[in-house]
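Enquirer: Below is the file protein_24.txt, with compact mmCIF, C-alpha atoms.
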# COMPACT_ATOMS: atom_id res chain seq x y z
CA MET A 798 9.06 17.79 7.38
CA ILE A 799 6.85 14.92 8.48
CA ILE A 800 3.87 16.37 6.64
CA GLU A 801 5.97 16.69 3.49
CA ASP A 802 6.97 13.04 3.85
CA LYS A 803 3.34 12.03 4.36
CA ILE A 804 2.35 13.87 1.18
CA LEU A 805 5.24 12.29 -0.72
CA VAL A 806 4.23 8.83 0.49
CA TRP A 807 0.59 9.52 -0.43
CA ARG A 808 1.64 10.53 -3.95
CA PHE A 809 4.06 7.63 -4.21
CA ASN A 810 1.28 5.19 -3.29
CA ARG A 811 -0.67 6.57 -6.25
CA GLY A 812 2.21 5.74 -8.57
CA SER A 813 3.93 9.14 -8.75
CA LYS A 814 7.49 8.73 -9.96
CA ASP A 815 8.25 12.34 -9.13
CA ALA A 816 7.36 11.69 -5.50
CA PHE A 817 9.63 8.65 -5.46
CA ARG A 818 12.45 10.66 -7.05
CA ARG A 819 11.98 13.37 -4.41
CA ILE A 820 12.16 10.80 -1.60
CA TYR A 821 15.29 9.35 -3.14
CA GLU A 822 16.96 12.75 -3.52
CA LYS A 823 16.05 13.66 0.03
CA TYR A 824 17.43 10.61 1.82
CA LYS A 825 20.00 8.98 -0.48
CA ASP A 826 23.05 10.64 1.08
CA ALA A 827 21.99 9.92 4.65
CA LEU A 828 21.33 6.28 3.82
CA LEU A 829 24.60 5.89 1.97
CA GLY A 830 26.40 7.58 4.87
CA LEU A 831 24.93 5.09 7.33
CA ALA A 832 25.73 2.14 5.10
CA ILE A 833 29.31 3.26 4.59
CA THR A 834 29.81 3.99 8.30
CA MET A 835 28.56 0.57 9.29
CA LEU A 836 29.98 -1.41 6.39
CA ARG A 837 33.11 0.54 5.38
CA ASP A 838 32.77 -0.58 1.80
CA ARG A 839 31.38 1.87 -0.70
CA SER A 840 30.36 -0.56 -3.41
CA LEU A 841 28.58 -2.79 -0.90
CA ALA A 842 26.96 0.26 0.69
CA GLU A 843 25.74 1.46 -2.71
CA ASP A 844 24.28 -1.96 -3.43
CA ILE A 845 22.46 -1.92 -0.11
CA VAL A 846 20.99 1.54 -0.65
CA HIS A 847 20.00 0.51 -4.18
CA ASP A 848 18.27 -2.62 -2.89
CA VAL A 849 16.46 -0.68 -0.18
CA PHE A 850 15.04 1.79 -2.68
CA VAL A 851 14.05 -0.91 -5.16
CA SER A 852 12.26 -2.82 -2.37
CA PHE A 853 10.60 0.40 -1.27
CA ALA A 854 9.45 1.02 -4.86
CA GLY A 855 7.91 -2.45 -4.83
CA THR A 856 5.56 -1.42 -2.05
CA VAL A 857 3.82 1.16 -4.26
CA GLY A 858 0.10 1.31 -3.50
CA THR A 859 0.39 -0.60 -0.24
CA PHE A 860 3.06 1.27 1.69
CA HIS A 861 1.89 2.38 5.12
CA LEU A 862 4.03 4.83 7.07
CA SER A 863 3.69 4.49 10.82
CA GLY A 864 6.71 6.46 12.03
CA THR A 865 9.01 8.75 10.06
CA LEU A 866 10.06 7.96 6.53
CA LYS A 867 13.70 8.63 7.30
CA GLY A 868 13.54 6.29 10.29
CA TYR A 869 11.94 3.59 8.18
CA LEU A 870 14.56 3.85 5.42
CA LEU A 871 17.44 4.02 7.91
CA THR A 872 16.10 0.90 9.60
CA CYS A 873 15.90 -0.88 6.26
CA VAL A 874 19.52 0.00 5.54
CA GLY A 875 20.53 -1.00 9.07
CA ASN A 876 18.84 -4.39 8.74
CA ARG A 877 20.48 -5.09 5.41
CA VAL A 878 23.87 -3.98 6.70
CA ARG A 879 23.44 -6.36 9.65
CA ASP A 880 22.65 -9.24 7.30
CA CYS A 881 25.64 -8.31 5.17
CA ASN A 882 27.91 -8.13 8.21
CA ARG A 883 26.81 -11.60 9.25
CA LEU A 884 28.01 -12.90 5.92
CA LYS A 885 31.24 -10.96 6.03
CA SER A 886 33.83 -12.73 8.12
CA GLU A 887 36.15 -9.83 8.67
CA ARG A 888 35.30 -6.29 9.60
CA ASP A 889 38.45 -4.51 8.56
CA ILE A 890 38.26 -1.28 6.74
CA GLY A 891 37.80 -1.85 3.06
CA PRO A 892 40.46 -0.63 0.68
CA ASN A 893 38.14 1.90 -0.91
CA PHE A 894 36.73 3.33 2.30
CA VAL A 895 38.66 6.59 2.21
CA ASP A 896 37.66 7.10 -1.40
CA ALA A 897 34.07 6.44 -0.42
CA ILE A 898 33.87 9.65 1.53
CA ILE A 899 33.42 12.67 -0.63
CA SER A 900 33.65 15.70 1.56
CA ASN A 901 31.53 18.78 1.14
CA SER A 902 34.37 20.95 2.40
CA ASP A 903 35.71 23.78 0.30
CA GLY A 904 39.38 23.02 -0.18
CA PRO A 905 41.59 19.97 -0.63
CA MET A 906 43.13 20.50 2.81
CA GLU A 907 39.76 20.44 4.57
CA ASP A 908 38.77 17.53 2.41
CA ALA A 909 41.80 15.53 3.51
CA ILE A 910 41.22 16.39 7.18
CA SER A 911 37.58 15.40 6.95
CA ARG A 912 38.48 12.07 5.36
CA GLU A 913 41.07 11.37 8.00
CA GLU A 914 38.72 12.23 10.86
CA SER A 915 35.98 10.06 9.47
CA GLY A 916 38.48 7.27 8.97
CA GLN A 917 39.48 7.51 12.66
CA LEU A 918 35.87 7.15 13.71
CA GLN A 919 35.36 4.14 11.42
CA GLU A 920 38.36 2.45 12.97
CA LEU A 921 36.95 2.97 16.44
CA LEU A 922 33.42 1.93 15.52
CA ALA A 923 34.74 -1.20 13.86
CA ARG A 924 35.96 -2.42 17.25
CA LEU A 925 32.53 -2.16 18.83
CA PRO A 926 29.86 -4.83 18.66
CA TYR A 927 27.58 -4.10 15.70
CA GLU A 928 24.51 -3.44 17.86
CA GLN A 929 26.32 -0.76 19.86
CA SER A 930 27.85 1.03 16.88
CA GLU A 931 24.48 0.93 15.11
CA VAL A 932 22.73 2.69 17.99
CA ILE A 933 25.53 5.28 18.32
CA VAL A 934 25.48 6.10 14.60
CA LEU A 935 21.70 6.27 14.39
CA HIS A 936 21.50 8.53 17.43
CA LEU A 937 24.47 10.82 16.88
CA HIS A 938 24.72 10.97 13.09
CA HIS A 939 21.08 10.67 12.11
CA ARG A 940 19.49 12.27 15.18
CA MET A 941 17.08 9.42 15.78
CA ARG A 942 15.63 9.32 19.27
CA PHE A 943 16.11 6.26 21.46
CA GLY A 944 12.39 5.56 21.23
CA GLN A 945 12.49 5.63 17.46
CA ILE A 946 15.54 3.38 17.36
CA ALA A 947 13.92 0.95 19.81
CA LYS A 948 10.78 0.79 17.70
CA ALA A 949 12.76 0.36 14.49
CA LEU A 950 14.99 -2.39 15.89
CA GLY A 951 12.19 -4.12 17.77
CA VAL A 952 13.87 -3.92 21.16
CA SER A 953 13.07 -2.06 24.36
CA ILE A 954 14.17 1.52 24.89
CA ASN A 955 16.23 0.40 27.90
CA THR A 956 18.16 -1.99 25.69
CA VAL A 957 18.88 0.79 23.22
CA GLN A 958 20.00 3.16 25.97
CA SER A 959 22.28 0.56 27.52
CA ARG A 960 23.76 -0.32 24.12
CA TYR A 961 24.43 3.37 23.58
CA ARG A 962 25.99 3.85 26.99
CA TYR A 963 28.18 0.75 26.82
CA GLY A 964 29.16 1.64 23.26
CA LEU A 965 30.27 5.14 24.24
CA ASP A 966 32.21 3.81 27.23
CA LYS A 967 33.97 1.30 25.03
CA LEU A 968 34.68 3.90 22.37
CA ARG A 969 36.23 6.18 24.95
CA SER A 970 38.26 3.33 26.34
CA ILE A 971 39.53 2.31 22.91
CA ALA A 972 40.32 5.90 21.98
CA CYS A 973 42.37 6.36 25.13
CA THR A 974 44.24 3.07 25.01
CA SER A 975 45.15 3.62 21.39
CA GLY A 976 46.99 6.76 22.44
CA ASP A 977 44.16 9.16 21.52
CA ALA A 978 46.42 10.75 18.99
CA GLY A 979 44.25 13.00 16.94
CA THR A 980 41.03 11.78 18.49
CA GLY A 981 40.81 14.67 20.91
CA VAL A 982 39.10 12.49 23.51
CA ASN A 983 39.98 13.20 27.11
CA SER A 984 42.26 10.37 28.33
CA GLY A 985 41.30 10.95 31.93
CA VAL A 986 37.83 9.59 31.46
CA THR A 987 38.70 6.01 30.62
CA LYS A 988 36.71 3.56 32.69
CA MET B 67 32.73 19.58 29.21
CA ARG B 68 31.63 16.22 30.65
CA PRO B 69 33.44 13.16 29.33
CA GLU B 70 30.21 11.76 27.90
CA GLU B 71 29.63 14.94 25.93
CA ASP B 72 33.26 14.80 24.87
CA ILE B 73 32.98 11.42 23.15
CA GLU B 74 29.54 12.28 21.76
CA LYS B 75 30.95 15.41 20.19
CA PHE B 76 33.88 13.41 18.86
CA VAL B 77 31.54 10.98 17.11
CA ARG B 78 29.16 13.69 15.91
CA VAL B 79 31.75 15.88 14.22
CA ARG B 80 33.27 12.90 12.44
CA LYS B 81 30.10 12.07 10.58
CA PRO B 82 31.17 11.20 7.04
CA HIS B 83 29.76 13.48 4.36
CA VAL B 84 29.04 11.24 1.43
CA THR B 85 27.24 11.88 -1.79
CA THR B 86 25.93 9.33 -4.22
CA SER B 87 27.42 9.12 -7.68
CA ARG B 88 25.37 9.93 -10.79
CA GLN B 89 25.82 6.39 -11.97
CA MET B 90 24.33 5.04 -8.75
CA ASP B 91 21.44 7.52 -8.90
CA LYS B 92 20.63 6.50 -12.45
CA ARG B 93 20.84 2.78 -11.71
CA THR B 94 18.76 3.01 -8.53
CA LEU B 95 16.06 5.21 -10.03
CA ASN B 96 15.77 3.13 -13.21
CA ASP B 97 15.48 -0.13 -11.27
CA SER B 98 13.03 1.42 -8.81
CA PHE B 99 10.82 2.82 -11.56
CA ALA B 100 10.85 -0.57 -13.28
CA ALA B 101 9.77 -2.22 -10.01
CA MET B 102 7.00 0.37 -9.61
CA GLU B 103 5.77 -0.18 -13.17
CA GLN B 104 5.76 -3.93 -12.67
CA ILE B 105 3.68 -3.70 -9.50
CA ILE B 106 1.24 -1.19 -11.01
CA GLN B 107 0.73 -3.30 -14.15
CA ALA B 108 0.28 -6.46 -12.09
CA LYS B 109 -2.41 -4.72 -10.04
CA GLN B 110 -4.17 -3.44 -13.15
CA THR B 111 -4.34 -6.91 -14.72
CA LYS B 112 -5.35 -8.52 -11.45
CA TYR B 113 -8.24 -6.13 -10.85
CA LYS B 114 -9.74 -5.82 -14.32
CA PRO B 115 -12.59 -3.35 -13.97
CA SER B 116 -15.98 -4.97 -14.48
CA ALA B 117 -19.23 -3.01 -14.90
CA PRO B 118 -20.77 -3.97 -11.52
CA ARG B 119 -17.51 -3.21 -9.71
CA LEU B 120 -17.22 0.18 -11.41
CA ILE B 121 -20.83 0.98 -10.45
CA ILE B 122 -20.30 -0.01 -6.83
CA ARG B 123 -16.94 1.73 -6.51
CA ASN B 124 -18.08 5.20 -7.58
CA ARG B 125 -20.78 7.13 -5.77
CA ILE B 126 -21.99 8.92 -8.92
CA THR B 127 -22.34 5.70 -10.93
CA ARG B 128 -24.22 4.18 -8.00
CA LEU B 129 -26.71 7.06 -8.07
CA ILE B 130 -27.06 6.80 -11.85
CA ALA B 131 -27.72 3.05 -11.62
CA ALA B 132 -30.35 3.57 -8.92
CA ALA B 133 -32.05 6.29 -11.02
CA ALA B 134 -32.08 4.00 -14.06
CA VAL B 135 -33.74 1.20 -12.08
CA ILE B 136 -36.41 3.60 -10.77
CA ILE B 137 -37.11 4.91 -14.30
CA VAL B 138 -37.47 1.36 -15.68
CA VAL B 139 -39.90 0.37 -12.90
CA ILE B 140 -42.02 3.51 -13.39
CA SER B 141 -42.14 3.03 -17.17
CA LEU B 142 -43.27 -0.57 -16.65
CA PHE B 143 -46.14 0.68 -14.49
CA ILE B 144 -47.05 3.32 -17.06
CA PHE B 145 -46.90 1.27 -20.25
CA TYR B 146 -48.17 -2.10 -19.04
CA PRO B 147 -51.96 -2.45 -18.55
CA ASP B 148 -53.40 -3.13 -15.15
CA SER B 149 -54.57 -6.61 -14.24
CA ASP B 150 -58.25 -5.56 -14.35
CA GLU B 151 -57.82 -4.30 -17.88
CA GLN B 152 -56.17 -7.58 -18.82
CA ILE B 153 -59.15 -9.51 -17.40
CA ASP B 154 -61.57 -7.27 -19.30
CA ALA B 155 -59.67 -7.99 -22.51
CA VAL B 156 -59.86 -11.74 -21.87
CA ILE B 157 -63.59 -11.49 -21.13
CA ALA B 158 -64.08 -9.52 -24.33
CA SER B 159 -62.34 -12.26 -26.29
CA ILE B 160 -64.49 -14.85 -24.54
CA SER B 161 -67.71 -13.01 -25.40
CA THR B 162 -66.96 -13.43 -29.10
CA LYS B 163 -66.75 -17.22 -28.77
CA SER B 164 -69.68 -19.62 -29.38
CA PRO B 165 -71.19 -21.59 -26.43
CA ALA B 166 -69.51 -24.79 -27.67
CA GLU B 167 -66.08 -23.07 -27.75
CA LEU B 168 -66.65 -21.71 -24.24
CA LEU B 169 -67.33 -25.22 -22.87
CA THR B 170 -64.36 -27.06 -24.37
CA VAL B 171 -61.94 -28.69 -21.90
CA ALA B 172 -59.11 -26.39 -22.97
CA SER B 173 -61.23 -23.26 -22.59
CA LEU B 174 -62.52 -24.29 -19.15
CA ASN B 175 -59.01 -25.23 -18.07
CA MET B 176 -57.73 -21.78 -19.05
CA ALA B 177 -60.61 -20.18 -17.16
CA TYR B 178 -59.74 -22.20 -14.04
CA ARG B 179 -56.11 -21.11 -14.28
CA ARG B 180 -57.13 -17.53 -14.76
CA GLY B 181 -59.57 -17.20 -11.85
CA GLY B 182 -60.25 -20.54 -10.23
CA ILE B 183 -63.65 -22.20 -9.96
CA LYS B 184 -65.42 -18.81 -10.03
CA ALA B 185 -64.06 -18.10 -13.50
CA VAL B 186 -65.22 -21.57 -14.66
CA GLU B 187 -68.72 -20.90 -13.32
CA GLN B 188 -68.73 -17.44 -14.95
CA GLN B 189 -67.72 -18.98 -18.29
CA CYS B 190 -70.45 -21.64 -18.02
CA GLU B 191 -73.03 -18.93 -17.25
CA GLU B 192 -71.78 -16.99 -20.27
CA ALA B 193 -72.27 -20.05 -22.46
CA ALA B 194 -75.77 -20.60 -21.01
CA ASP B 195 -76.68 -16.95 -21.66
CA LYS B 196 -75.48 -17.21 -25.25
CA LEU B 197 -77.47 -20.39 -25.70
CA GLY B 198 -80.61 -18.63 -24.44
CA PRO B 199 -83.63 -20.12 -22.60
CA GLN B 200 -84.22 -23.84 -23.17
CA PRO B 201 -87.13 -26.14 -22.34
CA ALA B 202 -86.88 -27.96 -18.98
CA LYS B 203 -87.15 -31.40 -20.54
CA ILE B 204 -84.26 -31.04 -22.97
CA THR B 205 -81.72 -33.91 -23.04
CA VAL B 206 -77.98 -33.46 -22.71
CA LYS B 207 -77.50 -34.71 -26.26
CA GLU B 208 -79.90 -32.09 -27.62
CA LEU B 209 -78.26 -29.38 -25.50
CA LEU B 210 -74.79 -30.27 -26.82
CA ALA B 211 -76.09 -30.32 -30.35
CA LYS B 212 -77.64 -26.88 -29.89
CA SER B 213 -74.48 -25.47 -28.31
CA ASN B 214 -72.50 -26.71 -31.31
CA GLY B 215 -74.91 -24.81 -33.49
CA THR B 216 -76.13 -27.91 -35.25
Could I get this structure in the form of structure tokens?

Expert:
Amino acid sequence: MIIEDKILVWRFNRGSKDAFRRIYEKYKDALLGLAITMLRDRSLAEDIVHDVFVSFAGTVGTFHLSGTLKGYLLTCVGNRVRDCNRLKSERDIGPNFVDAIISNSDGPMEDAISREESGQLQELLARLPYEQSEVIVLHLHHRMRFGQIAKALGVSINTVQSRYRYGLDKLRSIACTSGDAGTGVNSGVTK
Amino acid sequence: MRPEEDIEKFVRVRKPHVTTSRQMDKRTLNDSFAAMEQIIQAKQTKYKPSAPRLIIRNRITRLIAAAAVIIVVISLFIFYPDSDEQIDAVIASISTKSPAELLTVASLNMAYRRGGIKAVEQQCEEAADKLGPQPAKITVKELLAKSNGT
């Protein structure tokens, strides 16, 4: 996986459009998923992913990959989402959020359930501080290690771990106080 | 299951599965390719390849350039006469001159430049040899007249 990315980056640095297209195809959905989860606005999320890839294309010939390519791109999206969130005054769920999620499930029933479940999570994440929800999403949805997240965000690993821990505690607390209807989270664990 | 695992599982299974639209793919790829082209063209115009840079950059061209220099130097050694031969040629041209021509200021000056005071002395001796033996009581005026062939 990493070797494939290294080869793709090597080819991209030599101006290969096919390599760039392959990188885009490989990570576009993950990046859009992160942007939508953090931003809850599909059109804004699409703009952010677009901008990230255009900026990345601008580094052709000089791009140097130190960690993983996925980690780098996720960090770029995360940084842009953070900037966007600073500008946005309110963090309510956008009107087109549910439409933003296109499920890979087989039937319309599963599709509806998946949308609803994702919507529940967005509602909960929206109540967390951005830094905590960012760490939770990067770790649990995108399987980034705490060390990778710390490096990407430019903070210590202890900070990342504490953000994660406090974020989970708060999530659990919110889920329980809001009646945990449909969340499936054990109400007895509220701190 | 521990409560921590409980909430982690809750978050993990609710990961939204999103796919990009074709329109977005097209727009992003087109804009990205345009950005790539722009950067590549800017680099090409910035670093216009010059002959010395091309020679230095490539190992093969460096070797070819070094070989060419060696060939030129060797051919110069082969086709150009040695310095001794050059001196012989000059002496040969001198030997055809009359004693008066050998003793002109210009001729003596050239001899000095060629080989210093030794060359001047050699040229004077040459002129004296050409003039042949003279009586001991000859005046300078008579000697000059004889050297001029008058």

Enquirer: For the contact check between chain B and chain A, emit one row per residue of chain B within 10 Å, containing the shortest atom pair and the distance in Å rounded to one decimal, counting only C-alpha atoms, chain then rising number order, as JSON lines.

Expert:
{"residue": "B:Met67", "atom": "CA", "partner": "A:Asn983", "partner_atom": "CA", "distance": 9.9}
{"residue": "B:Arg68", "atom": "CA", "partner": "A:Val986", "partner_atom": "CA", "distance": 9.1}
{"residue": "B:Pro69", "atom": "CA", "partner": "A:Val986", "partner_atom": "CA", "distance": 6.0}
{"residue": "B:Glu70", "atom": "CA", "partner": "A:Leu965", "partner_atom": "CA", "distance": 7.6}
{"residue": "B:Glu71", "atom": "CA", "partner": "A:Leu965", "partner_atom": "CA", "distance": 10.0}
{"residue": "B:Asp72", "atom": "CA", "partner": "A:Val982", "partner_atom": "CA", "distance": 6.4}
{"residue": "B:Ile73", "atom": "CA", "partner": "A:Val982", "partner_atom": "CA", "distance": 6.2}
{"residue": "B:Glu74", "atom": "CA", "partner": "A:Leu937", "partner_atom": "CA", "distance": 7.2}
{"residue": "B:Lys75", "atom": "CA", "partner": "A:Leu937", "partner_atom": "CA", "distance": 8.6}
{"residue": "B:Phe76", "atom": "CA", "partner": "A:Val982", "partner_atom": "CA", "distance": 7.1}
{"residue": "B:Val77", "atom": "CA", "partner": "A:Leu918", "partner_atom": "CA", "distance": 6.7}
{"residue": "B:Arg78", "atom": "CA", "partner": "A:Leu937", "partner_atom": "CA", "distance": 5.6}
{"residue": "B:Val79", "atom": "CA", "partner": "A:Glu914", "partner_atom": "CA", "distance": 8.6}
{"residue": "B:Arg80", "atom": "CA", "partner": "A:Ser915", "partner_atom": "CA", "distance": 4.9}
{"residue": "B:Lys81", "atom": "CA", "partner": "A:His938", "partner_atom": "CA", "distance": 6.0}
{"residue": "B:Pro82", "atom": "CA", "partner": "A:Ser915", "partner_atom": "CA", "distance": 5.5}
{"residue": "B:His83", "atom": "CA", "partner": "A:Ser900", "partner_atom": "CA", "distance": 5.3}
{"residue": "B:Val84", "atom": "CA", "partner": "A:Ile899", "partner_atom": "CA", "distance": 5.0}
{"residue": "B:Thr85", "atom": "CA", "partner": "A:Asp826", "partner_atom": "CA", "distance": 5.2}
{"residue": "B:Thr86", "atom": "CA", "partner": "A:Asp826", "partner_atom": "CA", "distance": 6.2}
{"residue": "B:Ser87", "atom": "CA", "partner": "A:Glu843", "partner_atom": "CA", "distance": 9.3}
{"residue": "B:Met90", "atom": "CA", "partner": "A:Glu843", "partner_atom": "CA", "distance": 7.2}
{"residue": "B:Asp91", "atom": "CA", "partner": "A:His847", "partner_atom": "CA", "distance": 8.6}
{"residue": "B:Arg93", "atom": "CA", "partner": "A:His847", "partner_atom": "CA", "distance": 7.9}
{"residue": "B:Thr94", "atom": "CA", "partner": "A:His847", "partner_atom": "CA", "distance": 5.2}
{"residue": "B:Leu95", "atom": "CA", "partner": "A:Arg818", "partner_atom": "CA", "distance": 7.2}
{"residue": "B:Asn96", "atom": "CA", "partner": "A:Val851", "partner_atom": "CA", "distance": 9.2}
{"residue": "B:Asp97", "atom": "CA", "partner": "A:Val851", "partner_atom": "CA", "distance": 6.3}
{"residue": "B:Ser98", "atom": "CA", "partner": "A:Val851", "partner_atom": "CA", "distance": 4.4}
{"residue": "B:Phe99", "atom": "CA", "partner": "A:Lys814", "partner_atom": "CA", "distance": 7.0}
{"residue": "B:Ala100", "atom": "CA", "partner": "A:Ala854", "partner_atom": "CA", "distance": 8.7}
{"residue": "B:Ala101", "atom": "CA", "partner": "A:Gly855", "partner_atom": "CA", "distance": 5.5}
{"residue": "B:Met102", "atom": "CA", "partner": "A:Ala854", "partner_atom": "CA", "distance": 5.4}
{"residue": "B:Glu103", "atom": "CA", "partner": "A:Gly812", "partner_atom": "CA", "distance": 8.3}
{"residue": "B:Gln104", "atom": "CA", "partner": "A:Gly855", "partner_atom": "CA", "distance": 8.3}
{"residue": "B:Ile105", "atom": "CA", "partner": "A:Gly855", "partner_atom": "CA", "distance": 6.4}
{"residue": "B:Ile106", "atom": "CA", "partner": "A:Gly812", "partner_atom": "CA", "distance": 7.4}
{"residue": "B:Lys109", "atom": "CA", "partner": "A:Gly858", "partner_atom": "CA", "distance": 9.2}

Enquirer: Work out how far CA of Lys196 in chain B is from CA of Pro165 in chain B, in Å to one decimal.

Expert: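 Here the two named atoms are 6.2 Å from each other.
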
Enquirer: Find the residues near range 205-212 of chain B: any atom within 10 Å, counting all atoms listed in the file, skip ones fewer than 5 places away on the same chain, and give them as a list in words.

Expert: Pro165, Ala166, Leu169, Leu197 and Gln200 of chain B

Enquirer: How many Å separate CA of Glu191 in chain B from CA of Arg179 in chain B?

Expert: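 Separation between CA of Glu191 in chain B and CA of Arg179 in chain B: 17.3 Å.
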
Enquirer: What does the distance from CA of Leu862 in chain A to CA of Ala949 in chain A come to in Å, to one decimal?

Expert: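 Separation between CA of Leu862 in chain A and CA of Ala949 in chain A: 12.3 Å.
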
Enquirer: Which one is closest to Glu192 in chain B: B:Leu174, B:Ile130, B:Leu120, B:Leu142? Count all atoms listed in the file.

Expert: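 Closest to Glu192 in chain B, using all atoms listed in the file: B:Leu174.
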
Enquirer: List as a PDB file with C-alpha atoms, in the frame of the given file: which residues have an atom within 12 Å of (-61.6, -21.5, -23.8), counting only C-alpha atoms?

Expert:
ATOM      1  CA  VAL B 156     -59.860 -11.740 -21.870  1.00  0.00           C
ATOM      2  CA  ILE B 157     -63.590 -11.490 -21.130  1.00  0.00           C
ATOM      3  CA  SER B 159     -62.340 -12.260 -26.290  1.00  0.00           C
ATOM      4  CA  ILE B 160     -64.490 -14.850 -24.540  1.00  0.00           C
ATOM      5  CA  SER B 161     -67.710 -13.010 -25.400  1.00  0.00           C
ATOM      6  CA  THR B 162     -66.960 -13.430 -29.100  1.00  0.00           C
ATOM      7  CA  LYS B 163     -66.750 -17.220 -28.770  1.00  0.00           C
ATOM      8  CA  SER B 164     -69.680 -19.620 -29.380  1.00  0.00           C
ATOM      9  CA  PRO B 165     -71.190 -21.590 -26.430  1.00  0.00           C
ATOM     10  CA  ALA B 166     -69.510 -24.790 -27.670  1.00  0.00           C
ATOM     11  CA  GLU B 167     -66.080 -23.070 -27.750  1.00  0.00           C
ATOM     12  CA  LEU B 168     -66.650 -21.710 -24.240  1.00  0.00           C
ATOM     13  CA  LEU B 169     -67.330 -25.220 -22.870  1.00  0.00           C
ATOM     14  CA  THR B 170     -64.360 -27.060 -24.370  1.00  0.00           C
ATOM     15  CA  VAL B 171     -61.940 -28.690 -21.900  1.00  0.00           C
ATOM     16  CA  ALA B 172     -59.110 -26.390 -22.970  1.00  0.00           C
ATOM     17  CA  SER B 173     -61.230 -23.260 -22.590  1.00  0.00           C
ATOM     18  CA  LEU B 174     -62.520 -24.290 -19.150  1.00  0.00           C
ATOM     19  CA  ASN B 175     -59.010 -25.230 -18.070  1.00  0.00           C
ATOM     20  CA  MET B 176     -57.730 -21.780 -19.050  1.00  0.00           C
ATOM     21  CA  ALA B 177     -60.610 -20.180 -17.160  1.00  0.00           C
ATOM     22  CA  TYR B 178     -59.740 -22.200 -14.040  1.00  0.00           C
ATOM     23  CA  ARG B 179     -56.110 -21.110 -14.280  1.00  0.00           C
ATOM     24  CA  ARG B 180     -57.130 -17.530 -14.760  1.00  0.00           C
ATOM     25  CA  ALA B 185     -64.060 -18.100 -13.500  1.00  0.00           C
ATOM     26  CA  VAL B 186     -65.220 -21.570 -14.660  1.00  0.00           C
ATOM     27  CA  GLN B 189     -67.720 -18.980 -18.290  1.00  0.00           C
ATOM     28  CA  CYS B 190     -70.450 -21.640 -18.020  1.00  0.00           C
ATOM     29  CA  GLU B 192     -71.780 -16.990 -20.270  1.00  0.00           C
ATOM     30  CA  ALA B 193     -72.270 -20.050 -22.460  1.00  0.00           C
TER      31      ALA B 193
END

Enquirer: Which residue, A:Glu801, A:Asp838, A:Glu920, A:Glu931, has the smallest gap to Asn876 in chain A when you use all atoms listed in the file?

Expert: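 The answer is A:Glu931, which sits nearest to Asn876 in chain A.
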
Enquirer: Identify the residues around (7.6, 9.5, 4.5) within a radius of 10 Å, measuring from only C-alpha atoms in the coordinates stated by the file, and give them as an NGL selection string.

Expert: :A and (798-807 or 809 or 820 or 860-870)

Enquirer: Please enclose the listed atoms of range 958-965 of chain A in an axis-aligned box, pad each side by 5 Å, and write out the centre and the three edge lengths in Å, rounded to one decimal, as AutoDock Vina command-line options.

Expert:
--center_x 25.1 --center_y 2.4 --center_z 25.4 --size_x 20.3 --size_y 15.5 --size_z 14.3

Enquirer: For range 201-211 of chain B, supply N, CA and C atoms and format the output as a compact mmCIF listing (two decimals), in the frame of the given file.

Expert:
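For reference, out11.txt as written:
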# COMPACT_ATOMS: atom_id res chain seq x y z
N PRO B 201 -86.06 -25.41 -23.06
CA PRO B 201 -87.13 -26.14 -22.34
C PRO B 201 -86.55 -27.00 -21.22
N ALA B 202 -87.36 -27.22 -20.17
CA ALA B 202 -86.88 -27.96 -18.98
C ALA B 202 -86.61 -29.42 -19.28
N LYS B 203 -87.30 -29.97 -20.26
CA LYS B 203 -87.15 -31.40 -20.54
C LYS B 203 -86.14 -31.69 -21.65
N ILE B 204 -85.25 -30.82 -21.90
CA ILE B 204 -84.26 -31.04 -22.97
C ILE B 204 -83.20 -32.04 -22.51
N THR B 205 -82.76 -32.92 -23.40
CA THR B 205 -81.72 -33.91 -23.04
C THR B 205 -80.33 -33.29 -23.23
N VAL B 206 -79.37 -33.95 -22.62
CA VAL B 206 -77.98 -33.46 -22.71
C VAL B 206 -77.51 -33.49 -24.16
N LYS B 207 -77.91 -34.54 -24.86
CA LYS B 207 -77.50 -34.71 -26.26
C LYS B 207 -78.00 -33.54 -27.11
N GLU B 208 -79.28 -33.20 -26.86
CA GLU B 208 -79.90 -32.09 -27.62
C GLU B 208 -79.21 -30.76 -27.26
N LEU B 209 -78.91 -30.63 -25.97
CA LEU B 209 -78.26 -29.38 -25.50
C LEU B 209 -76.89 -29.20 -26.16
N LEU B 210 -76.12 -30.31 -26.20
CA LEU B 210 -74.79 -30.27 -26.82
C LEU B 210 -74.91 -29.95 -28.31
N ALA B 211 -75.89 -30.56 -28.91
CA ALA B 211 -76.09 -30.32 -30.35
C ALA B 211 -76.42 -28.85 -30.60
